[in-house]
Structure formats: structure tokens, C-alpha cells
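Enquirer: First the structure, which I've put down as C-alpha cells, then a few questions once you've had a look.
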Amino acid sequence: MRKSIIIILLTVAALALPIVDATAATRAATRKVVVSKRFTGSLASVQQWGSLQVTIVVRKTTTISGTKKKVTRHLTAVSVPTYPNHTNRSVYINQTALPILKAEALRAQSANVNMVSGATDSSDAFAQSLQSAILKAKQA
Amino acid sequence: MTVITSGLPGVRRVEQIMGLPVVVDVRDEEEAGAALDKLFDWLRWVDATFSTFKEDSDISRINRGRLRREDAQPQVRQVLEHCELLRHETDGYFDMHTPNGSIDPSGLVKGWSVDRAAAILDDAGLRNYAVNAGGDMRVLGRAVPELAWSVGIQHPLNRQQVAAVIEATDLAIATSGAYSRGDHVWNPHSARAPAGILSVTVVGPELATADAYATAAFAMGPDRAPHWTARLQGYDAMTILADETVFKTGGFPDE
């Protein structure tokens, strides 16, 4: 839930980026303008948690070559200056959860390890029994 | 029972208990046979007491109305209370109550019994061991004097490889996933296997808690699991989504 709200805010903030005035660049052969700017999303309410507001920093690179202009934008920072703090639990989330979740791509490594943790062998009969019970409950 | 001998220090023993292969790997030089006997006796007692497949287990008798919870053995009462606490802590995603009104605390029993098994080894003065019950484990000390235990987190799409490696000297590691033998964790709120999520690994001091958290987070599915794990106190997590995104909490201890 929170994730989707953050994404929406980022989208809104990105759309609000001002377009750099191309004429500000001279007619020099190739010129590069790099601007970093901070944007704050609108205050959004998070179900049951209070309000949340996201600030992002966007680095915009404008490359002008003759009459051609190329603009690239990179998100360089995301912070959440206002977040839900109605309950102790929310405060805890604010202090720890939001800044420290790292996303990366799945990669495979072959490693010389002592043990492997996985769902491989944890085919608890419990789960199979629960599964059949659920199926029965759904058919009842 | 299988005793494995090799050039390594210590002793290894494997036994099928609770429907799982339990591997105990002790690397201390001192005699560990008596402690291992006690450990496997303990696990067999747990199986006999908590199994939902054994008619005379406390859990089966409770489910048949032959035993009141308050009259069960203290360990059973303790586990059932712990399950209720975890249900609240996980917003209902870890739930021992089955749709037909029975209870099945197996989701906690495995981790809890391994924590107690580790304590048996501690009491015997052993300081370098791993206790691995079907891919969920406690490790302590070092595999060899110069190296910590090295634990691979299975790659959910490529069983021959691992998706991360954790070096640990005192840690519980639990992985919940759907990639092994069909979907086996269910979202109790929707009664369906979660879609879009391949596995959740949780690490921390206790296996009982780590395992329950991994089960709950997996059942939460791809939208909630990463954020929910990020706010756990004392535990870190790695969540692998079906789109091959990996979310790690800030303290996840892989290299």
C-alpha cells in the first residue's frame, strides 16, 4: 500500500519538473547543463497511518548539440520528510523501515557453502494438510 | 539415523523427524555423542507431542476435544500462546487455526524445537555447530577454525545455485518459499497461495520467530512483504519477487 503511494507521488513529482529553457543554451557545438533540484510530492494520506510526503532529488542533464537537445533525468535521492506518526508502531516504521529497504536484481552465484537455506525440504505435511483443508472448506 | 564421517572435525548426524530431514553438524573436537542423542530424543518427543498426524499427540487430542488446552503439557501451552502472539504480530498472516476449526502449530514448532535443540548443544559445552531442519537452521561458532558458517540462500529459479551467501557465527536463518513442492504457504486472508513472490528469508536470534516471520511475510505477498519485513525489530529479511527483484532490509548480513 505504502509502496504504491510512494510511486504515485514520485510520478506526480516527476511530471511537475519544469522544462529547461532550451534557448538559455548558446549555439555552441555541444553543451551540457546539469541541474539537481529537489521536488516535494503532495501530502498523501496513508490508510490508517496518517500522512506521508515524499521528497525527491532529480539530476537533470541537458545536452545541446546544435539545434538538437537531449534531456535525461536521474533520480538521485528519495526521502520522506513527513510520515505517519500517530502510533508508536508508525514512529518505529518511520525511523527504520522507510530508509533501509534495498532493491536489487536477482542473481545466481555458485558458492562453496556449508548449508543451504530454502524451501526445498520444508514440505511440511502441515502445509499439504492445510491446503487440502482449505480446498475442502472452499468446496463446502 | 545416519552418521556421516568425513575429514572434518566433529560429527554429523541426519534423521528424518517431523517429516523433515534434520541435519546436525557439530564441529567441536570434544565428544558430542551424548548431546546428539539428547537432541534427537528431544525432537522425537516434539514430533510425538505436536504432530497432527499422530492420533495420540497432544495437538490431535486437543483437536478431537479429548484434551483441554489448559490441561496440556506446559510446552504445548507455551507454544500455543506463542502462536497467538505471532498471529497478532503478523496481522493474522501467521495463523495456526485451520479453516475446519482445528489448530496446527507446526509452523512454529519446527523453529521452536530447533532453538531448544541448539540450547541442548550449548548446555553440553559445544560452541561450533549447525542444526538444520529442512532448510531452516541455527548456526553457532565456526565451521572450521578460520571460517564462519557459510549459508547459501537457495536461488528460487535455479536450484543448483544460491541467490545470496551469509557468513554467520550466531544466527537463525529461515526461508519460506513456493518453489520446491508446489505452493505450500497460504494467505489465510484469501485462502490462496500468494502470487508474485518466490521466497522470503528471515534471519535473527531465534529460529521460531524467524520462521514464523518468513511464513507470514511470504503469505502477505509481493506488495506487503518487503515493507513489513523492513520494520521487524532484531530481524532482517530478503524477499525475492517473481519479477526477479530482490528486496533486502538494511541489516541483511550477506556479503
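Labels used: A, B, ... for chains in the order of the C-alpha cells, numbers from 1 for residues in each chain, and numbers from 1 for ligands as shown.
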Leaving out Gln109 of chain A and any residue of its chain fewer than 6 positions from it, which residues lie within 9 Å of it when counting only C-alpha atoms, given as number ranges by chain?

Expert: B: 155, 161-165

Enquirer: Segment 91-255 of chain B: which residues are alpha helix (DSSP H) by DSSP, as a ChimeraX atom specification?

Expert: /B:106-123,207-220,225-230

Enquirer: Give me, as number ranges by chain, all polymer residues having an atom no more than 8 Å from Ile103 of chain B, counting only C-alpha atoms and skipping those fewer than 4 positions away in the same chain.

Expert: B: 59, 63, 96-98

Enquirer: Would you output that residue set with all heavy atoms, as a PDB file, in the first residue's frame?

Expert:
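Writing done, so here's part-v5.pdb:
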```pdb
ATOM      1  N   ILE B  59      -1.721 -32.339  20.399  1.00  0.00           N
ATOM      2  CA  ILE B  59      -2.446 -31.495  19.445  1.00  0.00           C
ATOM      3  C   ILE B  59      -3.641 -32.244  18.858  1.00  0.00           C
ATOM      4  O   ILE B  59      -4.747 -31.707  18.757  1.00  0.00           O
ATOM      5  CB  ILE B  59      -1.501 -31.015  18.316  1.00  0.00           C
ATOM      6  CG1 ILE B  59      -0.360 -30.172  18.901  1.00  0.00           C
ATOM      7  CG2 ILE B  59      -2.269 -30.210  17.262  1.00  0.00           C
ATOM      8  CD1 ILE B  59      -0.776 -28.947  19.689  1.00  0.00           C
ATOM      9  N   ASN B  63      -7.558 -31.316  19.269  1.00  0.00           N
ATOM     10  CA  ASN B  63      -8.435 -31.125  18.104  1.00  0.00           C
ATOM     11  C   ASN B  63      -9.642 -32.061  18.125  1.00  0.00           C
ATOM     12  O   ASN B  63     -10.682 -31.740  17.548  1.00  0.00           O
ATOM     13  CB  ASN B  63      -7.636 -31.329  16.808  1.00  0.00           C
ATOM     14  CG  ASN B  63      -6.789 -30.107  16.480  1.00  0.00           C
ATOM     15  OD1 ASN B  63      -7.130 -28.984  16.887  1.00  0.00           O
ATOM     16  ND2 ASN B  63      -5.705 -30.300  15.771  1.00  0.00           N
ATOM     17  N   MET B  96      -2.274 -20.417  13.266  1.00  0.00           N
ATOM     18  CA  MET B  96      -2.311 -21.871  13.458  1.00  0.00           C
ATOM     19  C   MET B  96      -3.720 -22.429  13.315  1.00  0.00           C
ATOM     20  O   MET B  96      -3.915 -23.646  13.359  1.00  0.00           O
ATOM     21  CB  MET B  96      -1.762 -22.231  14.845  1.00  0.00           C
ATOM     22  CG  MET B  96      -2.639 -21.793  15.991  1.00  0.00           C
ATOM     23  SD  MET B  96      -2.085 -22.530  17.542  1.00  0.00           S
ATOM     24  CE  MET B  96      -3.131 -21.636  18.697  1.00  0.00           C
ATOM     25  N   HIS B  97      -4.713 -21.542  13.169  1.00  0.00           N
ATOM     26  CA  HIS B  97      -6.088 -22.027  13.061  1.00  0.00           C
ATOM     27  C   HIS B  97      -6.377 -22.430  11.620  1.00  0.00           C
ATOM     28  O   HIS B  97      -6.192 -21.645  10.701  1.00  0.00           O
ATOM     29  CB  HIS B  97      -7.081 -20.948  13.504  1.00  0.00           C
ATOM     30  CG  HIS B  97      -6.877 -20.551  14.939  1.00  0.00           C
ATOM     31  ND1 HIS B  97      -6.026 -19.540  15.304  1.00  0.00           N
ATOM     32  CD2 HIS B  97      -7.389 -21.056  16.080  1.00  0.00           C
ATOM     33  CE1 HIS B  97      -6.033 -19.427  16.626  1.00  0.00           C
ATOM     34  NE2 HIS B  97      -6.849 -20.339  17.122  1.00  0.00           N
ATOM     35  N   THR B  98      -6.844 -23.651  11.434  1.00  0.00           N
ATOM     36  CA  THR B  98      -7.134 -24.118  10.080  1.00  0.00           C
ATOM     37  C   THR B  98      -8.602 -23.825   9.770  1.00  0.00           C
ATOM     38  O   THR B  98      -9.393 -23.584  10.684  1.00  0.00           O
ATOM     39  CB  THR B  98      -6.855 -25.627   9.957  1.00  0.00           C
ATOM     40  OG1 THR B  98      -7.804 -26.322  10.777  1.00  0.00           O
ATOM     41  CG2 THR B  98      -5.449 -25.966  10.416  1.00  0.00           C
TER      42      THR B  98
END
```

Enquirer: Would you compute the distance between atom CA of Ala108 of chain A and atom CA of Ser176 of chain B? Give it in Å to one decimal.

Expert: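 Separating atom CA of Ala108 of chain A from atom CA of Ser176 of chain B is a distance of 18.2 Å.
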
Enquirer: Would you kindly return, as a list in words, each protein, DNA or RNA residue with an atom no farther than 6 Å from any atom of segment 194-197 of chain B, considering only C-alpha atoms and excluding same-chain residues fewer than 6 positions away?

Expert: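 Here the answer would be Ala219, Gly221, Pro222, Leu241 and Ala242 of chain B.
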
Enquirer: Could you write those residues out with C-alpha atoms, as a short mmCIF file (atom, residue, chain, number, x, y, z; two decimals), in the first residue's frame?

Expert:
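What follows is the written file again-v2.cif:
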```
data_model
loop_
_atom_site.label_atom_id
_atom_site.label_comp_id
_atom_site.auth_asym_id
_atom_site.auth_seq_id
_atom_site.Cartn_x
_atom_site.Cartn_y
_atom_site.Cartn_z
CA ALA B 219 1.79 -15.11 2.76
CA GLY B 221 2.63 -11.36 -0.97
CA PRO B 222 4.80 -9.04 -3.06
CA LEU B 241 9.70 -11.46 -6.10
CA ALA B 242 8.53 -13.26 -9.22
#
```

Enquirer: Could you give me, as a PyMOL selection string, each residue of segment 7-255 of chain B that DSSP assigns to strand (DSSP E) when run on this structure's backbone?

Expert: chain B and resi 11-17+20-26+129-133+136-140+142-144+147-154+162-168+170-177+197-204+236-241+245-249

Enquirer: For chain B, which residue out of A:Val35, A:Leu101, A:Arg59, A:Asn112 is the nearest one, using only C-alpha atoms?

Expert: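 Of the candidates, the smallest distance to chain B is held by A:Leu101.
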
Enquirer: I'd like to know which of B:Arg27, B:Arg77, B:Arg87, B:Arg61 is closest to chain A, using only C-alpha atoms.

Expert: B:Arg27

Enquirer: Hey, can you check how far atom CA of Ala216 of chain B sits from atom CA of Asp104 of chain B?

Expert: 14.9 Å

Enquirer: Neighbours of Ala130 of chain B within 12 Å (only C-alpha atoms; same-chain residues fewer than 3 positions away dropped), as number ranges by chain?

Expert: A: 114-117; B: 10-14, 22-28, 36, 114-115, 117-119, 121-122, 126-127, 133, 135-143, 148-151, 168-173

Enquirer: Can you write just those residues out, N, CA and C atoms, as a CSV table (one decimal), in the first residue's frame?

Expert:
```
chain,number,residue,atom,x,y,z
A,114,ASN,N,28.4,-24.2,3.5
A,114,ASN,CA,28.2,-25.3,4.4
A,114,ASN,C,26.8,-25.8,4.4
A,115,MET,N,25.9,-24.9,4.3
A,115,MET,CA,24.4,-25.2,4.4
A,115,MET,C,23.7,-24.4,3.4
A,116,VAL,N,22.5,-24.9,3.1
A,116,VAL,CA,21.6,-24.1,2.2
A,116,VAL,C,20.3,-23.9,2.9
A,117,SER,N,19.8,-22.6,2.9
A,117,SER,CA,18.5,-22.4,3.5
A,117,SER,C,17.5,-22.2,2.3
B,10,GLY,N,34.7,-33.1,14.4
B,10,GLY,CA,33.4,-33.2,15.0
B,10,GLY,C,32.6,-34.3,14.4
B,11,VAL,N,31.3,-34.2,14.4
B,11,VAL,CA,30.4,-35.3,14.0
B,11,VAL,C,29.1,-34.7,13.3
B,12,ARG,N,28.6,-35.5,12.4
B,12,ARG,CA,27.4,-35.1,11.7
B,12,ARG,C,26.3,-36.2,11.8
B,13,ARG,N,25.1,-35.8,12.0
B,13,ARG,CA,24.1,-36.9,12.1
B,13,ARG,C,22.8,-36.3,11.4
B,14,VAL,N,22.1,-37.2,10.7
B,14,VAL,CA,20.9,-36.8,10.0
B,14,VAL,C,19.8,-37.8,10.4
B,22,VAL,N,16.5,-33.7,9.4
B,22,VAL,CA,17.2,-32.8,10.4
B,22,VAL,C,18.7,-33.1,10.3
B,23,VAL,N,19.5,-32.1,10.0
B,23,VAL,CA,20.9,-32.3,10.0
B,23,VAL,C,21.6,-31.6,11.1
B,24,VAL,N,22.3,-32.3,11.9
B,24,VAL,CA,23.1,-31.7,13.0
B,24,VAL,C,24.6,-31.9,12.7
B,25,ASP,N,25.3,-30.8,12.6
B,25,ASP,CA,26.7,-30.8,12.2
B,25,ASP,C,27.5,-30.1,13.3
B,26,VAL,N,28.2,-30.9,14.1
B,26,VAL,CA,29.0,-30.3,15.2
B,26,VAL,C,30.4,-30.3,14.8
B,27,ARG,N,31.1,-29.2,14.9
B,27,ARG,CA,32.5,-29.1,14.5
B,27,ARG,C,33.5,-29.0,15.7
B,28,ASP,N,32.9,-29.1,16.9
B,28,ASP,CA,33.8,-29.1,18.1
B,28,ASP,C,34.6,-30.4,18.1
B,36,LEU,N,24.1,-35.3,21.1
B,36,LEU,CA,23.3,-35.5,19.9
B,36,LEU,C,22.2,-36.5,20.2
B,114,VAL,N,14.0,-26.4,17.2
B,114,VAL,CA,15.4,-26.3,16.8
B,114,VAL,C,16.1,-25.3,17.8
B,115,ASP,N,15.4,-24.2,18.2
B,115,ASP,CA,16.0,-23.4,19.2
B,115,ASP,C,16.4,-24.1,20.5
B,117,ALA,N,16.8,-27.3,20.6
B,117,ALA,CA,17.9,-28.3,20.3
B,117,ALA,C,19.3,-27.6,20.4
B,118,ALA,N,19.3,-26.4,19.9
B,118,ALA,CA,20.6,-25.6,20.0
B,118,ALA,C,21.0,-25.4,21.5
B,119,ALA,N,20.0,-25.2,22.3
B,119,ALA,CA,20.3,-25.0,23.7
B,119,ALA,C,20.8,-26.3,24.4
B,121,LEU,N,22.8,-28.4,22.8
B,121,LEU,CA,24.2,-28.4,22.4
B,121,LEU,C,25.0,-27.3,23.2
B,122,ASP,N,24.4,-26.2,23.5
B,122,ASP,CA,25.0,-25.1,24.3
B,122,ASP,C,25.3,-25.7,25.7
B,126,LEU,N,29.1,-27.3,23.7
B,126,LEU,CA,29.5,-27.2,22.3
B,126,LEU,C,29.4,-25.8,21.8
B,127,ARG,N,30.3,-25.3,21.0
B,127,ARG,CA,30.3,-23.9,20.6
B,127,ARG,C,30.4,-23.7,19.1
B,133,ALA,N,16.9,-27.9,10.0
B,133,ALA,CA,15.7,-28.7,9.9
B,133,ALA,C,15.0,-28.3,8.6
B,135,GLY,N,16.1,-27.0,5.8
B,135,GLY,CA,16.4,-25.7,5.2
B,135,GLY,C,16.3,-24.5,6.1
B,136,ASP,N,15.8,-24.7,7.3
B,136,ASP,CA,15.8,-23.7,8.4
B,136,ASP,C,16.7,-24.0,9.5
B,137,MET,N,17.5,-23.1,9.9
B,137,MET,CA,18.6,-23.5,10.8
B,137,MET,C,19.1,-22.5,11.8
B,138,ARG,N,19.8,-23.1,12.8
B,138,ARG,CA,20.6,-22.2,13.7
B,138,ARG,C,22.1,-22.6,13.5
B,139,VAL,N,22.9,-21.6,13.4
B,139,VAL,CA,24.3,-21.9,13.4
B,139,VAL,C,25.0,-21.1,14.5
B,140,LEU,N,26.1,-21.7,15.0
B,140,LEU,CA,26.9,-21.1,16.1
B,140,LEU,C,28.4,-21.4,15.8
B,141,GLY,N,29.2,-20.4,16.1
B,141,GLY,CA,30.6,-20.6,16.0
B,141,GLY,C,31.1,-20.6,14.6
B,142,ARG,N,32.0,-21.6,14.4
B,142,ARG,CA,32.7,-21.6,13.1
B,142,ARG,C,32.7,-23.1,12.5
B,143,ALA,N,32.6,-23.1,11.2
B,143,ALA,CA,32.6,-24.4,10.5
B,143,ALA,C,34.0,-25.0,10.6
B,148,ALA,N,33.8,-18.7,9.4
B,148,ALA,CA,32.5,-18.8,9.9
B,148,ALA,C,31.6,-19.7,9.1
B,149,TRP,N,30.4,-20.0,9.6
B,149,TRP,CA,29.5,-20.8,8.8
B,149,TRP,C,29.1,-20.0,7.6
B,150,SER,N,29.1,-20.7,6.5
B,150,SER,CA,28.7,-20.1,5.3
B,150,SER,C,27.4,-20.7,4.8
B,151,VAL,N,26.3,-19.9,4.8
B,151,VAL,CA,25.0,-20.4,4.5
B,151,VAL,C,24.5,-19.8,3.2
B,168,ALA,N,28.0,-16.4,9.0
B,168,ALA,CA,27.4,-16.2,10.4
B,168,ALA,C,28.1,-17.0,11.4
B,169,THR,N,28.2,-16.4,12.6
B,169,THR,CA,28.8,-17.1,13.8
B,169,THR,C,27.7,-17.3,14.9
B,170,ASP,N,26.6,-16.7,14.7
B,170,ASP,CA,25.5,-16.9,15.7
B,170,ASP,C,24.2,-16.4,15.1
B,171,LEU,N,23.4,-17.3,14.4
B,171,LEU,CA,22.3,-16.8,13.7
B,171,LEU,C,21.3,-17.9,13.4
B,172,ALA,N,20.0,-17.5,13.4
B,172,ALA,CA,18.9,-18.3,12.9
B,172,ALA,C,18.5,-17.9,11.5
B,173,ILE,N,18.3,-18.8,10.6
B,173,ILE,CA,18.0,-18.5,9.2
B,173,ILE,C,16.8,-19.3,8.8
```
